[in-house]
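Student: This is model32.cif, which holds mmCIF, N, CA, C and O atoms:
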data_input
loop_
_atom_site.label_atom_id
_atom_site.label_comp_id
_atom_site.auth_asym_id
_atom_site.auth_seq_id
_atom_site.Cartn_x
_atom_site.Cartn_y
_atom_site.Cartn_z
N LEU Y 22 -28.51 -30.31 38.75
CA LEU Y 22 -27.28 -30.91 38.27
C LEU Y 22 -27.51 -32.33 37.80
O LEU Y 22 -26.61 -33.14 37.82
N ASN Y 23 -28.71 -32.61 37.39
CA ASN Y 23 -29.05 -33.92 36.86
C ASN Y 23 -28.31 -34.12 35.53
O ASN Y 23 -28.40 -33.28 34.64
N PRO Y 24 -27.57 -35.21 35.38
CA PRO Y 24 -26.84 -35.41 34.13
C PRO Y 24 -27.73 -35.42 32.89
O PRO Y 24 -27.33 -34.95 31.84
N LYS Y 25 -28.95 -35.91 33.02
CA LYS Y 25 -29.86 -35.91 31.87
C LYS Y 25 -30.20 -34.48 31.46
O LYS Y 25 -30.29 -34.18 30.28
N ALA Y 26 -30.37 -33.60 32.42
CA ALA Y 26 -30.67 -32.20 32.11
C ALA Y 26 -29.49 -31.54 31.41
O ALA Y 26 -29.67 -30.74 30.49
N LEU Y 27 -28.28 -31.86 31.83
CA LEU Y 27 -27.09 -31.30 31.17
C LEU Y 27 -27.00 -31.75 29.72
O LEU Y 27 -26.72 -30.96 28.82
N ILE Y 28 -27.26 -33.02 29.48
CA ILE Y 28 -27.22 -33.54 28.12
C ILE Y 28 -28.32 -32.91 27.28
O ILE Y 28 -28.09 -32.51 26.13
N PHE Y 29 -29.50 -32.77 27.85
CA PHE Y 29 -30.61 -32.14 27.14
C PHE Y 29 -30.26 -30.70 26.77
O PHE Y 29 -30.51 -30.25 25.65
N GLY Y 30 -29.66 -29.97 27.70
CA GLY Y 30 -29.25 -28.60 27.43
C GLY Y 30 -28.19 -28.52 26.34
O GLY Y 30 -28.23 -27.63 25.49
N LEU Y 31 -27.25 -29.44 26.35
CA LEU Y 31 -26.21 -29.44 25.32
C LEU Y 31 -26.78 -29.76 23.95
O LEU Y 31 -26.32 -29.24 22.93
N VAL Y 32 -27.81 -30.59 23.89
CA VAL Y 32 -28.43 -30.94 22.61
C VAL Y 32 -29.12 -29.71 22.01
O VAL Y 32 -29.18 -29.56 20.79
N LEU Y 33 -29.63 -28.82 22.85
CA LEU Y 33 -30.32 -27.64 22.37
C LEU Y 33 -29.39 -26.55 21.85
O LEU Y 33 -29.84 -25.58 21.25
N LEU Y 34 -28.10 -26.68 22.11
CA LEU Y 34 -27.15 -25.69 21.61
C LEU Y 34 -27.05 -25.77 20.08
O LEU Y 34 -27.21 -26.84 19.50
N PRO Y 35 -26.73 -24.64 19.43
CA PRO Y 35 -26.52 -24.70 17.99
C PRO Y 35 -25.25 -25.47 17.67
O PRO Y 35 -24.42 -25.72 18.55
N GLY Y 36 -25.08 -25.85 16.44
CA GLY Y 36 -23.90 -26.59 16.02
C GLY Y 36 -22.63 -25.77 16.20
O GLY Y 36 -22.66 -24.54 16.17
N PRO Y 37 -21.48 -26.44 16.37
CA PRO Y 37 -20.22 -25.72 16.60
C PRO Y 37 -19.80 -24.81 15.44
O PRO Y 37 -19.05 -23.87 15.64
N GLU Y 38 -20.31 -25.06 14.27
CA GLU Y 38 -19.94 -24.22 13.11
C GLU Y 38 -20.72 -22.91 13.06
O GLU Y 38 -20.36 -22.01 12.32
N GLU Y 39 -21.79 -22.78 13.84
CA GLU Y 39 -22.61 -21.57 13.82
C GLU Y 39 -21.98 -20.48 14.68
O GLU Y 39 -21.27 -20.76 15.66
N ALA Y 40 -22.26 -19.22 14.33
CA ALA Y 40 -21.67 -18.08 15.03
C ALA Y 40 -22.15 -17.96 16.47
O ALA Y 40 -21.43 -17.45 17.33
N GLN Y 41 -23.35 -18.40 16.75
CA GLN Y 41 -23.92 -18.28 18.09
C GLN Y 41 -23.49 -19.40 19.04
O GLN Y 41 -23.92 -19.41 20.19
N PHE Y 42 -22.66 -20.31 18.59
CA PHE Y 42 -22.31 -21.45 19.43
C PHE Y 42 -21.55 -21.03 20.69
O PHE Y 42 -21.94 -21.40 21.80
N LEU Y 43 -20.47 -20.28 20.54
CA LEU Y 43 -19.65 -19.91 21.71
C LEU Y 43 -20.40 -19.05 22.72
O LEU Y 43 -20.33 -19.33 23.93
N PRO Y 44 -21.14 -18.01 22.29
CA PRO Y 44 -21.90 -17.25 23.29
C PRO Y 44 -22.94 -18.09 24.03
O PRO Y 44 -23.11 -17.96 25.24
N ARG Y 45 -23.60 -18.95 23.30
CA ARG Y 45 -24.63 -19.78 23.95
C ARG Y 45 -24.02 -20.86 24.84
O ARG Y 45 -24.57 -21.19 25.87
N LEU Y 46 -22.88 -21.38 24.44
CA LEU Y 46 -22.18 -22.33 25.30
C LEU Y 46 -21.73 -21.65 26.59
O LEU Y 46 -21.87 -22.21 27.68
N GLY Y 47 -21.22 -20.44 26.46
CA GLY Y 47 -20.83 -19.67 27.65
C GLY Y 47 -22.01 -19.42 28.57
O GLY Y 47 -21.90 -19.56 29.79
N LEU Y 48 -23.15 -19.04 28.00
CA LEU Y 48 -24.36 -18.82 28.80
C LEU Y 48 -24.80 -20.11 29.48
O LEU Y 48 -25.16 -20.11 30.66
N PHE Y 49 -24.75 -21.21 28.75
CA PHE Y 49 -25.12 -22.51 29.32
C PHE Y 49 -24.21 -22.86 30.50
O PHE Y 49 -24.68 -23.28 31.56
N LEU Y 50 -22.91 -22.65 30.34
CA LEU Y 50 -21.97 -22.96 31.41
C LEU Y 50 -22.19 -22.07 32.62
O LEU Y 50 -22.10 -22.53 33.77
N MET Y 51 -22.49 -20.79 32.40
CA MET Y 51 -22.78 -19.89 33.53
C MET Y 51 -24.04 -20.33 34.27
O MET Y 51 -24.10 -20.28 35.50
N MET Y 52 -25.05 -20.80 33.52
CA MET Y 52 -26.27 -21.26 34.17
C MET Y 52 -26.02 -22.53 34.98
O MET Y 52 -26.55 -22.69 36.08
N VAL Y 53 -25.18 -23.42 34.47
CA VAL Y 53 -24.86 -24.64 35.21
C VAL Y 53 -24.15 -24.29 36.51
O VAL Y 53 -24.48 -24.83 37.58
N VAL Y 54 -23.20 -23.37 36.45
CA VAL Y 54 -22.48 -22.96 37.66
C VAL Y 54 -23.44 -22.29 38.64
O VAL Y 54 -23.38 -22.55 39.85
N ALA Y 55 -24.34 -21.44 38.15
CA ALA Y 55 -25.30 -20.76 39.03
C ALA Y 55 -26.21 -21.76 39.73
O ALA Y 55 -26.45 -21.65 40.94
N VAL Y 56 -26.70 -22.74 39.00
CA VAL Y 56 -27.57 -23.75 39.61
C VAL Y 56 -26.79 -24.57 40.65
O VAL Y 56 -27.31 -24.86 41.73
N ALA Y 57 -25.55 -24.90 40.35
CA ALA Y 57 -24.73 -25.65 41.30
C ALA Y 57 -24.53 -24.85 42.58
O ALA Y 57 -24.61 -25.39 43.69
N LEU Y 58 -24.28 -23.55 42.45
CA LEU Y 58 -24.10 -22.70 43.63
C LEU Y 58 -25.38 -22.58 44.44
O LEU Y 58 -25.35 -22.61 45.68
N VAL Y 59 -26.51 -22.46 43.76
CA VAL Y 59 -27.80 -22.37 44.47
C VAL Y 59 -28.08 -23.66 45.23
O VAL Y 59 -28.47 -23.64 46.41
N TRP Y 60 -27.87 -24.81 44.58
CA TRP Y 60 -28.11 -26.08 45.25
C TRP Y 60 -27.16 -26.29 46.42
O TRP Y 60 -27.55 -26.78 47.48
N GLY Y 61 -25.90 -25.91 46.23
CA GLY Y 61 -24.93 -26.03 47.32
C GLY Y 61 -25.30 -25.14 48.50
O GLY Y 61 -25.23 -25.56 49.66
N ALA Y 62 -25.71 -23.90 48.22
CA ALA Y 62 -26.11 -22.99 49.29
C ALA Y 62 -27.37 -23.50 49.99
O ALA Y 62 -27.47 -23.43 51.22
N ALA Y 63 -28.32 -24.01 49.21
CA ALA Y 63 -29.55 -24.54 49.83
C ALA Y 63 -29.23 -25.73 50.74
O ALA Y 63 -29.79 -25.85 51.83
N GLY Y 64 -28.34 -26.59 50.29
CA GLY Y 64 -27.95 -27.72 51.13
C GLY Y 64 -27.25 -27.29 52.40
O GLY Y 64 -27.51 -27.81 53.49
N ALA Y 65 -26.37 -26.30 52.29
CA ALA Y 65 -25.67 -25.80 53.47
C ALA Y 65 -26.63 -25.11 54.43
O ALA Y 65 -26.55 -25.30 55.65
N MET Y 66 -27.57 -24.34 53.90
CA MET Y 66 -28.53 -23.66 54.76
C MET Y 66 -29.47 -24.63 55.44
O MET Y 66 -29.89 -24.40 56.57
N SER Y 67 -29.80 -25.72 54.77
CA SER Y 67 -30.70 -26.68 55.40
C SER Y 67 -30.04 -27.37 56.58
O SER Y 67 -30.71 -27.81 57.49
N ARG Y 68 -28.72 -27.45 56.57
CA ARG Y 68 -28.00 -28.08 57.68
C ARG Y 68 -27.73 -27.13 58.83
O ARG Y 68 -27.51 -27.56 59.96
N MET Y 69 -27.75 -25.81 58.58
CA MET Y 69 -27.40 -24.84 59.62
C MET Y 69 -28.44 -24.75 60.74
O MET Y 69 -28.10 -24.54 61.87
N GLY Y 70 -29.70 -24.88 60.39
CA GLY Y 70 -30.75 -24.68 61.38
C GLY Y 70 -31.07 -25.90 62.20
O GLY Y 70 -32.03 -25.90 62.96
N GLY Y 71 -30.29 -26.95 62.07
CA GLY Y 71 -30.57 -28.16 62.82
C GLY Y 71 -31.69 -28.97 62.18
O GLY Y 71 -31.97 -28.84 61.00
N GLY Y 72 -32.32 -29.78 62.97
CA GLY Y 72 -33.34 -30.70 62.47
C GLY Y 72 -34.58 -30.02 61.95
O GLY Y 72 -35.21 -30.47 61.00
N ARG Y 73 -34.97 -28.90 62.57
CA ARG Y 73 -36.22 -28.24 62.16
C ARG Y 73 -36.12 -27.70 60.73
O ARG Y 73 -37.03 -27.89 59.94
N ARG Y 74 -35.03 -27.02 60.41
CA ARG Y 74 -34.91 -26.45 59.07
C ARG Y 74 -34.81 -27.56 58.02
O ARG Y 74 -35.40 -27.47 56.96
N LEU Y 75 -34.06 -28.62 58.33
CA LEU Y 75 -33.96 -29.74 57.40
C LEU Y 75 -35.33 -30.37 57.18
O LEU Y 75 -35.69 -30.73 56.06
N HIS Y 76 -36.12 -30.47 58.23
CA HIS Y 76 -37.47 -31.03 58.12
C HIS Y 76 -38.33 -30.16 57.20
O HIS Y 76 -39.08 -30.69 56.37
N LEU Y 77 -38.22 -28.84 57.33
CA LEU Y 77 -38.99 -27.94 56.46
C LEU Y 77 -38.56 -28.07 55.01
O LEU Y 77 -39.40 -28.05 54.10
N VAL Y 78 -37.27 -28.21 54.78
CA VAL Y 78 -36.77 -28.39 53.41
C VAL Y 78 -37.31 -29.69 52.82
O VAL Y 78 -37.74 -29.74 51.66
N GLN Y 79 -37.29 -30.75 53.61
CA GLN Y 79 -37.80 -32.03 53.13
C GLN Y 79 -39.29 -31.95 52.83
O GLN Y 79 -39.76 -32.51 51.83
N ARG Y 80 -40.05 -31.27 53.65
CA ARG Y 80 -41.49 -31.11 53.41
C ARG Y 80 -41.73 -30.30 52.13
O ARG Y 80 -42.60 -30.63 51.33
N GLY Y 81 -40.98 -29.22 51.96
CA GLY Y 81 -41.12 -28.42 50.75
C GLY Y 81 -40.78 -29.21 49.50
O GLY Y 81 -41.48 -29.12 48.49
N ALA Y 82 -39.72 -30.01 49.58
CA ALA Y 82 -39.33 -30.83 48.43
C ALA Y 82 -40.40 -31.88 48.12
O ALA Y 82 -40.71 -32.12 46.95
N SER Y 83 -40.98 -32.47 49.15
CA SER Y 83 -42.02 -33.48 48.90
C SER Y 83 -43.27 -32.84 48.31
O SER Y 83 -43.91 -33.42 47.43
N LEU Y 84 -43.61 -31.63 48.75
CA LEU Y 84 -44.76 -30.94 48.15
C LEU Y 84 -44.50 -30.60 46.69
O LEU Y 84 -45.38 -30.74 45.84
N TRP Y 85 -43.29 -30.15 46.39
CA TRP Y 85 -42.93 -29.83 45.00
C TRP Y 85 -43.03 -31.08 44.12
O TRP Y 85 -43.59 -31.03 43.03
N LEU Y 86 -42.49 -32.20 44.58
CA LEU Y 86 -42.55 -33.43 43.80
C LEU Y 86 -43.99 -33.91 43.61
O LEU Y 86 -44.34 -34.41 42.55
N ALA Y 87 -44.81 -33.73 44.63
CA ALA Y 87 -46.22 -34.10 44.51
C ALA Y 87 -46.91 -33.23 43.46
O ALA Y 87 -47.67 -33.73 42.62
N LEU Y 88 -46.63 -31.93 43.45
CA LEU Y 88 -47.21 -31.03 42.47
C LEU Y 88 -46.78 -31.40 41.05
O LEU Y 88 -47.61 -31.45 40.13
N VAL Y 89 -45.49 -31.69 40.87
CA VAL Y 89 -44.99 -32.08 39.55
C VAL Y 89 -45.66 -33.39 39.11
O VAL Y 89 -46.08 -33.52 37.96
N SER Y 90 -45.78 -34.34 40.01
CA SER Y 90 -46.39 -35.63 39.67
C SER Y 90 -47.85 -35.46 39.28
O SER Y 90 -48.31 -36.05 38.29
N ILE Y 91 -48.58 -34.67 40.03
CA ILE Y 91 -50.00 -34.44 39.73
C ILE Y 91 -50.15 -33.77 38.37
O ILE Y 91 -51.02 -34.13 37.58
N THR Y 92 -49.27 -32.81 38.08
CA THR Y 92 -49.33 -32.12 36.80
C THR Y 92 -49.05 -33.09 35.64
O THR Y 92 -49.74 -33.04 34.62
N LEU Y 93 -48.07 -33.95 35.82
CA LEU Y 93 -47.76 -34.93 34.77
C LEU Y 93 -48.91 -35.90 34.56
O LEU Y 93 -49.27 -36.22 33.44
N ILE Y 94 -49.48 -36.38 35.65
CA ILE Y 94 -50.60 -37.33 35.55
C ILE Y 94 -51.79 -36.66 34.88
O ILE Y 94 -52.45 -37.25 34.01
N ALA Y 95 -52.08 -35.40 35.23
CA ALA Y 95 -53.19 -34.69 34.62
C ALA Y 95 -52.95 -34.50 33.13
O ALA Y 95 -53.88 -34.63 32.32
N GLY Y 96 -51.72 -34.23 32.73
CA GLY Y 96 -51.40 -34.10 31.30
C GLY Y 96 -51.59 -35.39 30.54
O GLY Y 96 -52.07 -35.39 29.41
N VAL Y 97 -51.23 -36.51 31.16
CA VAL Y 97 -51.40 -37.80 30.51
C VAL Y 97 -52.88 -38.14 30.39
O VAL Y 97 -53.32 -38.66 29.35
N ILE Y 98 -53.65 -37.85 31.40
CA ILE Y 98 -55.08 -38.16 31.38
C ILE Y 98 -55.79 -37.32 30.30
O ILE Y 98 -56.65 -37.83 29.59
N ARG Y 99 -55.39 -36.05 30.16
CA ARG Y 99 -56.01 -35.19 29.14
C ARG Y 99 -55.63 -35.61 27.73
O ARG Y 99 -56.40 -35.38 26.80
N ALA Y 100 -54.48 -36.21 27.57
CA ALA Y 100 -54.01 -36.60 26.21
C ALA Y 100 -54.65 -37.84 25.76
O ALA Y 100 -55.53 -38.30 25.45
#
With the file now loaded, output its structure as structure tokens.
Tutor:
Amino acid sequence: LNPKALIFGLVLLPGPEEAQFLPRLGLFLMMVVAVALVWGAAGAMSRMGGGRRLHLVQRGASLWLALVSITLIAGVIRA
């Protein structure tokens, strides 16, 4: 639900005068709602298990961010 991602997604939509605009806008809106529900459910589930589950979620998130960072740095070094 990053606002930059929403703006980026809206920029990729076809122009309002094109026939595919409304179906693609509808698909985009459904994806935004789905992602919001997934994030909300993940947040609720991380709180249900007490401190241990929240700790595992935090560790998983930090590993994911480390992987993304390493991938970006490797791409910059190769370029």
Student: Distance atom O of Y:Leu84-atom CA of Y:Ala100, one decimal place?
Tutor: 22.2 Å
Student: Atom O of Y:Phe42 to atom N of Y:Val56: how many Å, to one decimal?
Tutor: 17.9 Å
Student: Closest to Y:Leu50 among Y:Leu27, Y:Met69, Y:Val32, Y:Ala63, using only C-alpha atoms?
Tutor: Y:Leu27
Student: Taking all atoms of stretch 79-93 of chain Y that appear in the file, build a box with edges along x, y and z, extend it by 4 Å on every side, and state its centre and edge lengths in Å to one decimal, as lines of an AutoDock Vina configuration file.
Tutor:
center_x = -44.2
center_y = -32.3
center_z = 43.5
size_x = 21.7
size_y = 15.8
size_z = 28.2
Student: Run DSSP on the backbone and grab whatever in chain Y lands in alpha helix (DSSP H); send it over as a ChimeraX atom specification.
Tutor: /Y:24-32,42-69,71-99
Student: Enter the distance from atom O of Y:Pro35 to atom C of Y:Met51, in Å, rounded to one decimal.
Tutor: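 Calculated distance between atom O of Y:Pro35 and atom C of Y:Met51 is 16.6 Å.
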Student: In the coordinate frame of the file, compute which residues have an atom within 12 Å of (-20.9, -24.1, 22.9) when using only C-alpha atoms, and state them as a VMD selection string.
Tutor: chain Y and resid 30 to 51
